[in-house]
>>> print(open('query_31.cif').read())   # mmCIF, C-alpha atoms and all ligand atoms
data_data
#
loop_
_atom_site.label_atom_id
_atom_site.label_comp_id
_atom_site.auth_asym_id
_atom_site.auth_seq_id
_atom_site.Cartn_x
_atom_site.Cartn_y
_atom_site.Cartn_z
CA MET A 1 -118.41 -104.89 -230.39
CA LYS A 2 -120.36 -101.61 -230.41
CA LEU A 3 -120.66 -98.61 -232.64
CA TYR A 4 -120.61 -95.09 -231.23
CA ASP A 5 -123.17 -93.28 -233.32
CA TYR A 6 -125.32 -90.18 -233.70
CA PRO A 7 -128.50 -90.67 -235.73
CA ARG A 8 -128.52 -87.40 -237.68
CA ALA A 9 -124.82 -87.26 -238.54
CA PRO A 10 -123.70 -88.26 -242.06
CA ASN A 11 -120.50 -90.17 -241.25
CA PRO A 12 -122.02 -92.66 -238.80
CA ARG A 13 -124.82 -93.12 -241.34
CA ARG A 14 -122.26 -94.32 -243.87
CA VAL A 15 -121.33 -97.13 -241.48
CA ARG A 16 -124.96 -97.90 -240.64
CA ILE A 17 -125.83 -98.20 -244.35
CA PHE A 18 -122.76 -100.41 -244.87
CA MET A 19 -123.86 -102.65 -241.97
CA ALA A 20 -127.42 -102.81 -243.33
CA GLU A 21 -126.14 -103.85 -246.77
CA LYS A 22 -124.17 -106.66 -245.11
CA GLY A 23 -127.04 -107.63 -242.80
CA LEU A 24 -124.94 -106.86 -239.71
CA HIS A 25 -126.45 -105.94 -236.37
CA ILE A 26 -123.98 -104.22 -234.07
CA PRO A 27 -125.22 -102.54 -230.89
CA LEU A 28 -125.25 -98.75 -231.15
CA GLU A 29 -124.34 -96.32 -228.41
CA GLN A 30 -125.41 -92.74 -229.00
CA VAL A 31 -122.99 -89.86 -228.51
CA ASP A 32 -125.18 -86.78 -228.27
CA LEU A 33 -123.39 -84.29 -230.52
CA ALA A 34 -126.14 -81.73 -229.78
CA SER A 35 -124.98 -81.58 -226.15
CA GLN A 36 -121.28 -81.85 -227.15
CA ALA A 37 -120.85 -85.31 -225.63
CA GLN A 38 -118.00 -85.94 -228.12
CA PHE A 39 -115.83 -83.81 -225.82
CA ASP A 40 -116.52 -85.87 -222.66
CA ALA A 41 -113.40 -87.49 -221.22
CA ASP A 42 -114.84 -90.99 -221.60
CA PHE A 43 -115.41 -90.57 -225.31
CA ALA A 44 -112.13 -88.67 -225.83
CA ARG A 45 -110.30 -91.77 -224.56
CA ARG A 46 -111.98 -93.76 -227.33
CA ASN A 47 -111.38 -91.16 -230.05
CA PRO A 48 -109.13 -88.18 -229.36
CA THR A 49 -110.39 -86.53 -232.58
CA HIS A 50 -113.82 -86.22 -230.88
CA THR A 51 -115.81 -87.50 -233.85
CA VAL A 52 -118.24 -90.31 -234.55
CA PRO A 53 -118.42 -93.03 -235.72
CA VAL A 54 -116.16 -95.17 -233.54
CA LEU A 55 -116.22 -98.96 -233.50
CA GLU A 56 -115.19 -100.42 -230.17
CA LEU A 57 -114.06 -104.04 -230.23
CA ASP A 58 -114.59 -106.48 -227.37
CA ASP A 59 -110.96 -106.06 -226.22
CA GLY A 60 -111.43 -102.27 -226.01
CA THR A 61 -109.62 -101.42 -229.26
CA CYS A 62 -111.28 -98.44 -230.94
CA ILE A 63 -111.42 -97.82 -234.67
CA SER A 64 -112.47 -94.40 -235.92
CA GLU A 65 -112.85 -93.06 -239.49
CA SER A 66 -115.90 -94.38 -241.31
CA LEU A 67 -113.97 -96.07 -244.09
CA ALA A 68 -111.54 -97.77 -241.70
CA ILE A 69 -114.52 -99.22 -239.83
CA CYS A 70 -116.11 -100.36 -243.09
CA ARG A 71 -112.87 -101.99 -244.23
CA TYR A 72 -112.58 -103.85 -240.94
CA LEU A 73 -116.16 -105.14 -241.27
CA GLU A 74 -115.54 -106.10 -244.91
CA VAL A 75 -112.66 -108.38 -243.90
CA LEU A 76 -114.77 -110.05 -241.24
CA HIS A 77 -117.81 -110.32 -243.53
CA PRO A 78 -116.55 -110.38 -247.14
CA GLU A 79 -119.93 -110.86 -248.84
CA PRO A 80 -121.52 -108.95 -250.38
CA ALA A 81 -118.23 -107.33 -251.35
CA LEU A 82 -118.59 -103.57 -250.97
CA PHE A 83 -114.94 -102.76 -251.69
CA GLY A 84 -114.85 -104.79 -254.92
CA HIS A 85 -113.57 -108.29 -255.74
CA SER A 86 -110.88 -108.15 -258.43
CA ALA A 87 -107.83 -105.87 -258.32
CA LEU A 88 -109.45 -103.60 -260.89
CA GLU A 89 -112.78 -103.44 -259.08
CA GLN A 90 -111.03 -102.61 -255.82
CA ALA A 91 -109.06 -99.83 -257.51
CA MET A 92 -112.23 -98.38 -259.05
CA VAL A 93 -114.06 -98.47 -255.72
CA GLU A 94 -111.11 -96.73 -254.05
CA MET A 95 -110.91 -94.12 -256.81
CA TRP A 96 -114.62 -93.26 -256.70
CA SER A 97 -114.74 -93.41 -252.92
CA ARG A 98 -112.00 -90.84 -252.70
CA ARG A 99 -113.66 -88.69 -255.36
CA ALA A 100 -116.95 -88.87 -253.42
CA GLU A 101 -115.23 -87.92 -250.19
CA LEU A 102 -112.74 -85.31 -251.39
CA GLY A 103 -114.83 -83.94 -254.25
CA GLY A 104 -118.26 -84.19 -252.62
CA MET A 105 -118.50 -84.82 -248.90
CA ILE A 106 -115.94 -82.15 -248.00
CA HIS A 107 -117.81 -79.53 -250.03
CA ALA A 108 -121.15 -80.52 -248.47
CA ALA A 109 -119.54 -80.20 -245.03
CA ASP A 110 -118.17 -76.75 -245.92
CA VAL A 111 -121.64 -75.60 -246.97
CA VAL A 112 -123.51 -77.09 -244.01
CA ARG A 113 -121.03 -76.17 -241.31
CA ASN A 114 -120.49 -72.63 -242.56
CA THR A 115 -124.22 -71.91 -242.99
CA LEU A 116 -126.45 -73.53 -240.37
CA PRO A 117 -126.91 -71.78 -236.99
CA PHE A 118 -126.25 -75.10 -235.19
CA PHE A 119 -122.56 -74.82 -236.21
CA VAL A 120 -121.94 -71.19 -235.25
CA ASP A 121 -118.48 -71.06 -233.64
CA HIS A 122 -118.19 -74.84 -234.26
CA ALA A 123 -117.52 -74.90 -237.98
CA LEU A 124 -115.01 -77.77 -237.80
CA PRO A 125 -115.87 -81.21 -236.41
CA GLY A 126 -114.13 -82.28 -233.23
CA VAL A 127 -112.97 -78.79 -232.22
CA ASP A 128 -114.62 -77.49 -229.08
CA GLY A 129 -115.65 -73.97 -230.13
CA GLY A 130 -113.65 -71.00 -231.34
CA VAL A 131 -114.01 -71.94 -235.01
CA PRO A 132 -116.10 -69.25 -236.72
CA GLN A 133 -118.20 -69.83 -239.81
CA ILE A 134 -116.69 -68.42 -243.01
CA PRO A 135 -119.38 -67.62 -245.61
CA ALA A 136 -116.81 -67.77 -248.44
CA LEU A 137 -116.19 -71.44 -247.63
CA ALA A 138 -119.92 -72.16 -247.99
CA GLU A 139 -119.86 -70.43 -251.36
CA ARG A 140 -116.80 -72.39 -252.48
CA GLY A 141 -118.49 -75.58 -251.25
CA MET A 142 -121.58 -74.88 -253.35
CA ALA A 143 -119.44 -74.47 -256.47
CA GLY A 144 -117.59 -77.69 -255.59
CA LEU A 145 -120.88 -79.55 -255.20
CA GLN A 146 -121.98 -78.44 -258.67
CA ARG A 147 -118.76 -79.91 -260.12
CA PHE A 148 -119.33 -83.08 -258.09
CA PHE A 149 -122.92 -83.44 -259.38
CA GLU A 150 -121.80 -83.03 -262.98
CA ALA A 151 -118.84 -85.43 -262.74
CA PHE A 152 -120.90 -88.16 -261.06
CA ASP A 153 -123.74 -87.62 -263.51
CA GLN A 154 -121.34 -88.36 -266.36
CA GLN A 155 -120.11 -91.51 -264.68
CA LEU A 156 -123.67 -92.68 -264.01
CA ALA A 157 -124.60 -92.07 -267.64
CA GLU A 158 -122.35 -95.05 -268.40
CA TYR A 159 -122.67 -97.26 -265.35
CA GLU A 160 -125.44 -98.42 -263.06
CA PHE A 161 -123.42 -97.67 -259.93
CA VAL A 162 -120.79 -95.14 -258.98
CA ALA A 163 -117.77 -97.43 -259.31
CA GLY A 164 -119.14 -99.49 -262.20
CA GLU A 165 -121.48 -102.46 -262.42
CA HIS A 166 -121.70 -103.26 -258.72
CA TYR A 167 -123.06 -101.42 -255.71
CA SER A 168 -120.16 -100.45 -253.41
CA VAL A 169 -119.04 -98.26 -250.55
CA ALA A 170 -118.53 -95.49 -253.15
CA ASP A 171 -122.31 -95.46 -253.64
CA ILE A 172 -122.78 -95.12 -249.89
CA THR A 173 -120.51 -92.07 -249.59
CA THR A 174 -122.13 -90.47 -252.66
CA GLN A 175 -125.66 -91.07 -251.34
CA VAL A 176 -124.84 -89.70 -247.89
CA THR A 177 -123.13 -86.67 -249.45
CA ILE A 178 -126.21 -85.80 -251.51
CA ASP A 179 -128.52 -86.22 -248.52
CA PHE A 180 -126.15 -84.13 -246.38
CA ALA A 181 -126.15 -81.32 -248.96
CA GLY A 182 -129.97 -81.47 -248.71
CA TRP A 183 -129.66 -80.05 -245.17
CA CYS A 184 -129.01 -76.73 -246.95
CA LYS A 185 -131.72 -77.42 -249.56
CA ILE A 186 -129.11 -78.19 -252.22
CA ARG A 187 -130.53 -80.80 -254.59
CA VAL A 188 -129.17 -82.71 -257.58
CA PRO A 189 -129.88 -80.37 -260.52
CA GLU A 190 -132.56 -81.32 -263.08
CA THR A 191 -129.82 -81.40 -265.73
CA CYS A 192 -128.13 -84.33 -263.92
CA GLN A 193 -130.73 -86.95 -264.79
CA HIS A 194 -128.43 -89.94 -264.47
CA LEU A 195 -127.43 -88.91 -260.98
CA GLN A 196 -131.11 -88.34 -260.14
CA ARG A 197 -132.01 -91.81 -261.47
CA TRP A 198 -129.24 -93.37 -259.38
CA HIS A 199 -130.16 -91.37 -256.24
CA GLN A 200 -133.77 -92.53 -256.46
CA ALA A 201 -132.59 -96.13 -256.84
CA VAL A 202 -130.22 -96.09 -253.85
CA SER A 203 -132.79 -94.21 -251.75
CA ALA A 204 -135.25 -97.04 -252.40
CA ARG A 205 -132.87 -99.69 -251.01
CA PRO A 206 -133.83 -100.82 -247.48
CA SER A 207 -130.37 -99.71 -246.26
CA ALA A 208 -131.25 -96.07 -247.01
CA LYS A 209 -133.34 -96.02 -243.83
CA ALA A 210 -130.25 -96.71 -241.71
N1 LIG B 1 -113.38 -88.49 -241.45
C1 LIG B 1 -114.25 -88.84 -240.34
C2 LIG B 1 -115.21 -87.70 -240.10
C3 LIG B 1 -116.00 -87.89 -238.83
C4 LIG B 1 -116.89 -86.68 -238.54
O1 LIG B 1 -116.61 -85.54 -238.97
N2 LIG B 1 -117.96 -86.94 -237.78
C5 LIG B 1 -118.85 -85.87 -237.38
C6 LIG B 1 -120.29 -86.34 -237.51
S1 LIG B 1 -120.71 -86.61 -239.20
C7 LIG B 1 -118.61 -85.54 -235.93
O2 LIG B 1 -118.39 -86.43 -235.13
N3 LIG B 1 -118.67 -84.26 -235.56
C8 LIG B 1 -118.38 -83.85 -234.23
C9 LIG B 1 -118.43 -82.37 -234.12
O3 LIG B 1 -119.16 -81.75 -234.88
O4 LIG B 1 -117.74 -81.86 -233.23
C10 LIG B 1 -114.99 -90.15 -240.66
O5 LIG B 1 -115.06 -90.52 -241.84
O6 LIG B 1 -115.45 -90.84 -239.75
#
>>> encode(input="query_31.cif", output="structure tokens")
Amino acid sequence: MKLYDYPRAPNPRRVRIFMAEKGLHIPLEQVDLASQAQFDADFARRNPTHTVPVLELDDGTCISESLAICRYLEVLHPEPALFGHSALEQAMVEMWSRRAELGGMIHAADVVRNTLPFFVDHALPGVDGGVPQIPALAERGMAGLQRFFEAFDQQLAEYEFVAGEHYSVADITTQVTIDFAGWCKIRVPETCQHLQRWHQAVSARPSAKA
């Protein structure tokens, strides 16, 4: 088994944090996004959407999409459970995971990819050029991130972790989203003290270095 990775990119980091929380060591193979290696024919055979992460199994089967990879690893290594135990816990993890992704990560990506010079003409992942940056999308993303910060702050006023009493994959997506937004110097506002408290706590976990 090996994981196709790129150290700076947020989505592979989600899987690396997940692996670190489970104590898993899977060999990494770097796909240099800076030199557009995601468009090489060899990698395209493994993932036609030209994105990382990809988990390649020993029989050559390739799994892409960060959460699909995490789910696969969860079944093989159920403890510690990062998708919840009971039916209710699993539903809560799913709910908050989707909120983190659709209400947070996508906005952070809109801001980063429509702002930073690195993404000029490459504003969508996995598309080989010809996708211009749209400043209005960055602006919309910033407003979306403010709503995300406030909603997650409210949740974390009541619970220790994003999906409730236990650390889960929803915490991982939320953490990576906040750090990704930091690429554009967007920080959790001072008014969101619960979210700040939580972010400091997850950033102090050894897995945060992954
Ligand atoms: N939904 C996918 C998103 C994967 C994705 O967008 N990966 C980025 C790195 S964070 C990528 O490979 N980008 C390639 C590019 O910019 O062309 C997942 O969860 O794995």
>>> atom_distance(input="query_31.cif", atom1="atom CA of A:Ala123", atom2="atom CA of A:Phe180")
15.2 Å
>>> residues_near_ligand(input="query_31.cif", ligand="ligand LIG 1 (chain B)", cutoff="9 Å", atoms="only C-alpha atoms and all ligand atoms", output="PyMOL selection string")
chain A and resi 5-6+8-15+31+33-34+36-39+49-54+64-69+101+109+113+119+122-129
>>> write_last_selection(input="query_31.cif", atoms="C-alpha atoms", output="mmCIF file, in the coordinates of the input")
data_model
loop_
_atom_site.group_PDB
_atom_site.id
_atom_site.type_symbol
_atom_site.label_atom_id
_atom_site.label_comp_id
_atom_site.auth_asym_id
_atom_site.auth_seq_id
_atom_site.Cartn_x
_atom_site.Cartn_y
_atom_site.Cartn_z
ATOM 1 C CA ASP A 5 -123.170 -93.280 -233.320
ATOM 2 C CA TYR A 6 -125.320 -90.180 -233.700
ATOM 3 C CA ARG A 8 -128.520 -87.400 -237.680
ATOM 4 C CA ALA A 9 -124.820 -87.260 -238.540
ATOM 5 C CA PRO A 10 -123.700 -88.260 -242.060
ATOM 6 C CA ASN A 11 -120.500 -90.170 -241.250
ATOM 7 C CA PRO A 12 -122.020 -92.660 -238.800
ATOM 8 C CA ARG A 13 -124.820 -93.120 -241.340
ATOM 9 C CA ARG A 14 -122.260 -94.320 -243.870
ATOM 10 C CA VAL A 15 -121.330 -97.130 -241.480
ATOM 11 C CA VAL A 31 -122.990 -89.860 -228.510
ATOM 12 C CA LEU A 33 -123.390 -84.290 -230.520
ATOM 13 C CA ALA A 34 -126.140 -81.730 -229.780
ATOM 14 C CA GLN A 36 -121.280 -81.850 -227.150
ATOM 15 C CA ALA A 37 -120.850 -85.310 -225.630
ATOM 16 C CA GLN A 38 -118.000 -85.940 -228.120
ATOM 17 C CA PHE A 39 -115.830 -83.810 -225.820
ATOM 18 C CA THR A 49 -110.390 -86.530 -232.580
ATOM 19 C CA HIS A 50 -113.820 -86.220 -230.880
ATOM 20 C CA THR A 51 -115.810 -87.500 -233.850
ATOM 21 C CA VAL A 52 -118.240 -90.310 -234.550
ATOM 22 C CA PRO A 53 -118.420 -93.030 -235.720
ATOM 23 C CA VAL A 54 -116.160 -95.170 -233.540
ATOM 24 C CA SER A 64 -112.470 -94.400 -235.920
ATOM 25 C CA GLU A 65 -112.850 -93.060 -239.490
ATOM 26 C CA SER A 66 -115.900 -94.380 -241.310
ATOM 27 C CA LEU A 67 -113.970 -96.070 -244.090
ATOM 28 C CA ALA A 68 -111.540 -97.770 -241.700
ATOM 29 C CA ILE A 69 -114.520 -99.220 -239.830
ATOM 30 C CA GLU A 101 -115.230 -87.920 -250.190
ATOM 31 C CA ALA A 109 -119.540 -80.200 -245.030
ATOM 32 C CA ARG A 113 -121.030 -76.170 -241.310
ATOM 33 C CA PHE A 119 -122.560 -74.820 -236.210
ATOM 34 C CA HIS A 122 -118.190 -74.840 -234.260
ATOM 35 C CA ALA A 123 -117.520 -74.900 -237.980
ATOM 36 C CA LEU A 124 -115.010 -77.770 -237.800
ATOM 37 C CA PRO A 125 -115.870 -81.210 -236.410
ATOM 38 C CA GLY A 126 -114.130 -82.280 -233.230
ATOM 39 C CA VAL A 127 -112.970 -78.790 -232.220
ATOM 40 C CA ASP A 128 -114.620 -77.490 -229.080
ATOM 41 C CA GLY A 129 -115.650 -73.970 -230.130
#
>>> residues_around(input="query_31.cif", residues="stretch 146-154 of chain A", least_positions_apart="3", cutoff="7 Å", atoms="all atoms listed in the file", output="JSON, numbers by chain")
{"A": [103, 104, 142, 143, 157, 188, 192, 194, 195]}
>>> write_last_selection(input="query_31.cif", atoms="C-alpha atoms", output="PDB file, in the frame of the given file")
ATOM      1  CA  GLY A 103    -114.830 -83.940-254.250  1.00  0.00           C
ATOM      2  CA  GLY A 104    -118.260 -84.190-252.620  1.00  0.00           C
ATOM      3  CA  MET A 142    -121.580 -74.880-253.350  1.00  0.00           C
ATOM      4  CA  ALA A 143    -119.440 -74.470-256.470  1.00  0.00           C
ATOM      5  CA  ALA A 157    -124.600 -92.070-267.640  1.00  0.00           C
ATOM      6  CA  VAL A 188    -129.170 -82.710-257.580  1.00  0.00           C
ATOM      7  CA  CYS A 192    -128.130 -84.330-263.920  1.00  0.00           C
ATOM      8  CA  HIS A 194    -128.430 -89.940-264.470  1.00  0.00           C
ATOM      9  CA  LEU A 195    -127.430 -88.910-260.980  1.00  0.00           C
TER      10      LEU A 195
END
>>> atom_distance(input="query_31.cif", atom1="atom CA of A:Met19", atom2="atom CA of A:Ala204")
16.4 Å
>>> axis_aligned_box(input="query_31.cif", around="stretch 87-98 of chain A", padding_each_side="8 Å", output="lines of an AutoDock Vina configuration file")
center_x = -111.3
center_y = -98.4
center_z = -256.8
size_x = 22.9
size_y = 31.0
size_z = 24.2
>>> residues_around(input="query_31.cif", residues="A:Ala108", least_positions_apart="2", cutoff="8 Å", atoms="all atoms listed in the file", output="ChimeraX atom specification")
/A:104-106,110-112,141-142,145,177-178,180-181
>>> closest_residue(input="query_31.cif", among="A:Leu3, A:Leu156, A:Ala44, A:Val120", to="A:Ile63", atoms="all atoms listed in the file")
A:Leu3
>>> residues_around(input="query_31.cif", residues="A:Phe18", least_positions_apart="5", cutoff="12 Å", atoms="all atoms listed in the file", output="short mmCIF file (atom, residue, chain, number, x, y, z; two decimals) with C-alpha atoms, in the coordinates of the input")
data_model
loop_
_atom_site.label_atom_id
_atom_site.label_comp_id
_atom_site.auth_asym_id
_atom_site.auth_seq_id
_atom_site.Cartn_x
_atom_site.Cartn_y
_atom_site.Cartn_z
CA ASN A 11 -120.50 -90.17 -241.25
CA PRO A 12 -122.02 -92.66 -238.80
CA ARG A 13 -124.82 -93.12 -241.34
CA GLY A 23 -127.04 -107.63 -242.80
CA LEU A 24 -124.94 -106.86 -239.71
CA HIS A 25 -126.45 -105.94 -236.37
CA ILE A 26 -123.98 -104.22 -234.07
CA SER A 66 -115.90 -94.38 -241.31
CA LEU A 67 -113.97 -96.07 -244.09
CA ALA A 68 -111.54 -97.77 -241.70
CA ILE A 69 -114.52 -99.22 -239.83
CA CYS A 70 -116.11 -100.36 -243.09
CA ARG A 71 -112.87 -101.99 -244.23
CA TYR A 72 -112.58 -103.85 -240.94
CA LEU A 73 -116.16 -105.14 -241.27
CA GLU A 74 -115.54 -106.10 -244.91
CA HIS A 77 -117.81 -110.32 -243.53
CA PRO A 78 -116.55 -110.38 -247.14
CA GLU A 79 -119.93 -110.86 -248.84
CA PRO A 80 -121.52 -108.95 -250.38
CA ALA A 81 -118.23 -107.33 -251.35
CA LEU A 82 -118.59 -103.57 -250.97
CA PHE A 83 -114.94 -102.76 -251.69
CA TYR A 167 -123.06 -101.42 -255.71
CA SER A 168 -120.16 -100.45 -253.41
CA VAL A 169 -119.04 -98.26 -250.55
CA ALA A 170 -118.53 -95.49 -253.15
CA ASP A 171 -122.31 -95.46 -253.64
CA ILE A 172 -122.78 -95.12 -249.89
CA THR A 173 -120.51 -92.07 -249.59
CA GLN A 175 -125.66 -91.07 -251.34
CA VAL A 176 -124.84 -89.70 -247.89
CA ARG A 205 -132.87 -99.69 -251.01
CA PRO A 206 -133.83 -100.82 -247.48
CA SER A 207 -130.37 -99.71 -246.26
CA ALA A 208 -131.25 -96.07 -247.01
CA LYS A 209 -133.34 -96.02 -243.83
CA ALA A 210 -130.25 -96.71 -241.71
#
>>> decode(input="query_31.cif", residues="stretch 5-29 of chain A", atoms="N, CA, C and O atoms", output="short mmCIF file (atom, residue, chain, number, x, y, z; two decimals), in the first residue's frame")
data_model
loop_
_atom_site.label_atom_id
_atom_site.label_comp_id
_atom_site.auth_asym_id
_atom_site.auth_seq_id
_atom_site.Cartn_x
_atom_site.Cartn_y
_atom_site.Cartn_z
N ASP A 5 1.01 11.69 -2.36
CA ASP A 5 0.93 12.77 -1.39
C ASP A 5 1.59 14.02 -1.97
O ASP A 5 2.31 13.94 -2.98
N TYR A 6 1.33 15.16 -1.35
CA TYR A 6 2.12 16.37 -1.61
C TYR A 6 2.13 17.12 -0.29
O TYR A 6 1.06 17.44 0.25
N PRO A 7 3.32 17.40 0.26
CA PRO A 7 3.40 17.84 1.66
C PRO A 7 2.62 19.11 1.98
O PRO A 7 2.05 19.23 3.05
N ARG A 8 2.56 20.06 1.06
CA ARG A 8 1.93 21.35 1.40
C ARG A 8 0.41 21.32 1.22
O ARG A 8 -0.29 22.20 1.70
N ALA A 9 -0.10 20.34 0.49
CA ALA A 9 -1.51 20.39 0.09
C ALA A 9 -2.44 19.96 1.23
O ALA A 9 -2.14 19.02 1.97
N PRO A 10 -3.57 20.64 1.39
CA PRO A 10 -4.46 20.35 2.52
C PRO A 10 -5.14 18.98 2.48
O PRO A 10 -5.27 18.33 3.52
N ASN A 11 -5.57 18.51 1.31
CA ASN A 11 -6.32 17.24 1.31
C ASN A 11 -5.45 16.05 1.68
O ASN A 11 -5.85 15.24 2.53
N PRO A 12 -4.25 15.90 1.11
CA PRO A 12 -3.40 14.80 1.59
C PRO A 12 -3.09 14.93 3.09
O PRO A 12 -2.96 13.92 3.79
N ARG A 13 -3.00 16.17 3.57
CA ARG A 13 -2.73 16.34 5.01
C ARG A 13 -3.86 15.75 5.86
O ARG A 13 -3.62 15.22 6.94
N ARG A 14 -5.08 15.86 5.37
CA ARG A 14 -6.19 15.25 6.13
C ARG A 14 -5.92 13.77 6.34
O ARG A 14 -6.11 13.23 7.43
N VAL A 15 -5.46 13.09 5.27
CA VAL A 15 -5.20 11.65 5.39
C VAL A 15 -3.98 11.39 6.28
O VAL A 15 -3.97 10.47 7.10
N ARG A 16 -2.96 12.24 6.15
CA ARG A 16 -1.77 12.03 6.99
C ARG A 16 -2.11 12.21 8.47
O ARG A 16 -1.63 11.48 9.33
N ILE A 17 -2.95 13.21 8.79
CA ILE A 17 -3.35 13.40 10.20
C ILE A 17 -4.14 12.18 10.66
O ILE A 17 -3.93 11.65 11.75
N PHE A 18 -5.06 11.72 9.81
CA PHE A 18 -5.88 10.55 10.14
C PHE A 18 -4.98 9.34 10.45
O PHE A 18 -5.16 8.64 11.44
N MET A 19 -3.97 9.13 9.58
CA MET A 19 -3.04 8.01 9.77
C MET A 19 -2.29 8.18 11.09
O MET A 19 -2.10 7.23 11.84
N ALA A 20 -1.84 9.41 11.36
CA ALA A 20 -1.08 9.66 12.59
C ALA A 20 -1.94 9.38 13.82
O ALA A 20 -1.48 8.78 14.80
N GLU A 21 -3.21 9.76 13.77
CA GLU A 21 -4.10 9.50 14.91
C GLU A 21 -4.29 8.00 15.14
O GLU A 21 -4.53 7.55 16.24
N LYS A 22 -4.21 7.24 14.04
CA LYS A 22 -4.38 5.78 14.15
C LYS A 22 -3.05 5.07 14.38
O LYS A 22 -3.01 3.84 14.53
N GLY A 23 -1.94 5.82 14.31
CA GLY A 23 -0.63 5.19 14.45
C GLY A 23 -0.25 4.36 13.23
O GLY A 23 0.49 3.38 13.34
N LEU A 24 -0.74 4.75 12.06
CA LEU A 24 -0.45 3.99 10.83
C LEU A 24 0.74 4.59 10.09
O LEU A 24 0.87 5.81 10.00
N HIS A 25 1.57 3.71 9.57
CA HIS A 25 2.72 4.17 8.76
C HIS A 25 2.57 3.57 7.38
O HIS A 25 2.76 2.37 7.20
N ILE A 26 2.22 4.38 6.43
CA ILE A 26 2.04 3.93 5.04
C ILE A 26 3.07 4.70 4.21
O ILE A 26 3.18 5.92 4.35
N PRO A 27 3.83 4.00 3.37
CA PRO A 27 4.82 4.72 2.57
C PRO A 27 4.18 5.81 1.72
O PRO A 27 3.07 5.62 1.20
N LEU A 28 4.88 6.93 1.63
CA LEU A 28 4.36 8.08 0.87
C LEU A 28 5.14 8.20 -0.44
O LEU A 28 6.35 7.99 -0.46
N GLU A 29 4.43 8.52 -1.51
CA GLU A 29 5.12 8.86 -2.75
C GLU A 29 4.67 10.27 -3.15
O GLU A 29 3.47 10.53 -3.26
#
